[in-house]
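Okay, structure first, notes after.
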Amino acid sequence: MTATTMTAGGADDEVADPPAGPSRGARRRRVLVGVAVAAALVAVGGLGAAAFVKSPAERAARTAPPPESLLTAPVVSQVLTRSVTARAVVYPPAQYDVVPSAASPEITRLFVSKLGVRTGDTAAAGRLLAEVSGQPLFALPGPVPAYRDVKPGATGPDVAELQDALSGLGHPIGDDDKGTFGPGTAAAVTAFYRGLGYPVPTTGATTQQAVDTAQKAVDADRRTVDGLTARKRAGATRAPAPAPAATPATPPAPPAPGPGTDIDIDIDIDQQLAAARKQLAADQVALEKARAVNGPMVPAAHVLFLPVLPAAVTAVNGSVGSPAAGTLLSLTSGGLDVTGQLTPGQAAGVKPGMAAEILAEDTGTTVSGTVTEVGAPTTTPPAGRVITLGGGAAAPGGAPPGGPGAAGGATGGAAGAPPNNAAGTPSYVPVTITPSGPVPPALNGKNVRLTIRRDAASAPVTAVPVAAVSTDAAGRTSVTRVDAAGTRTTVPVSTGVSADGMVAVTPADGAGLRPGDRVVVGK
């Protein structure tokens, strides 16, 4: 808007308004705020600088060590057991690698036609493990692997092993002698295969043909004997010759028999009958022998004898339809073994019969046991045997169970490196631990802590930590007792057995030291 003013001439002139802007009060307030902000920044900066600038006294106080304090431990009453601590390896005593083979020449190629188990399964006695080219593969308990076909008429410990296994499965062997494959064993084999649902293997056409031939010979012999016997009976029914009227004092010599007389006929029939009966007896013996080796059998390619069943299936290396080449199955039998690895110095005081404990640190699982054997120093890592079954082989190997290429088994070798000797070669003393009960399968292949308890006091003793005992220049030993008020008292003691960081102490005459007191172990 405009303002109107009066000029000297009395005329009204228009004057423009001044430009719009902040008032003087507003400008004053802005200046005050700026001054306040600047003052605050200066104050904060001063405080920050003061935090970094310390006087020598303050700096010395901050860098000085904390006030000295005592580390104490209680006096206890307990049985002290001297022990040896080392590492140990848990592994199966043996792994059995199963290599299938053909049970007969008619099988020219091997394929997996059926699988009865999977990795992680348990193989019990008599269980079907697999079928290869139509032939079954099953496990039976026995200490000696199958090394031949077990047939009728066979004798030996492998026959006894088969008989024991069949009897244990509910198939008795009748009146057969132990170790002799007779009719009772043949009946047991027949019942076992029928229970599996497979045809009963037999000795084959050759032995059956021998039986048939021997039977025909016996039948012919019987016909001959029967015919000659009939002729002899017919001759005995002839009318006797009339007796002479008078008997002279000296009877005349009988006339020499001539051809065609009745005496000639009787002698000839008797000779023929005796010969026929002798031939019949011989052919009957031959028939029994032929029958004894003919009939049901157990091919070596069908059976796996394992010392302990059930066994764990650790690997199945094949599928239905795949070629059965190499190891088809791997099994472990007989639980788990524990072998400790001691230094020569540790082994010097370890003897069979000592109590032991193994601990798996990752799970906290503990198993107690007993030392059963202390071996000679060796550089060979502890591991079980690998035994190949089937495929014409049954020889132990040296690879550890579950080693490279063996799926699902225990890791072989020493999981914890044994101590080194002067030459730098790994060397240790193996100590065999027999567990007091079954070792959990979860420990298979683990490296565990082994504690062997060498000896123990017969009763609880007063004990303190080893660090609590001090020895002066004169060889006198003592501990420092601290009471509730912090007062320290030197107590002369004599030391005894030590174990697990504790040592038995006996206070000198007149000195007091009781369980529950606290002693200095450090500062």
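Order determines the names: the first chain of the structure tokens is A, the second B, and so forth; residues in each chain are numbered 1 upward, and ligands are numbered 1 upward as they are shown.
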
Sel. of helix (DSSP H, G or I) residues, range 124-345 of chain A, as a VMD selection string: chain A and resid 157 to 168 183 to 196 205 to 236 262 to 292 344 to 345

Review point. What lies within 12 Å of Arg223 in chain A using only C-alpha atoms, ignoring chain neighbours under 3 positions off, as a list of chain:residue names?
Key: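 My reading of the contact set: A:Lys216, A:Ala217, A:Val218, A:Asp219, A:Ala220, A:Asp226, A:Gly227, A:Leu228, A:Thr229, A:Ala230, A:Leu273, A:Ala276, A:Arg277, A:Gln279, A:Leu280.
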
(request) Between A:Thr206, A:Leu336, A:Pro152, A:Ala467, single out the one closest to Gly501 in chain A, counting only C-alpha atoms. (result)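 Nearest to Gly501 in chain A: A:Ala467.
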
(request) Determine, counting only C-alpha atoms, which protein, DNA and RNA residues have an atom within 7 Å of an atom of range 431-444 of chain A; residues of the same chain fewer than 6 positions away are not included. Present the result as a ChimeraX atom specification. (result) /A:90-91,335-336,338-341,367-375,410

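With only C-alpha atoms as the atoms that count, the residue of A:Ile267, A:Ala214, A:Val159, A:Val464 with the shortest distance to Ala282 in chain A is A:Ala214.
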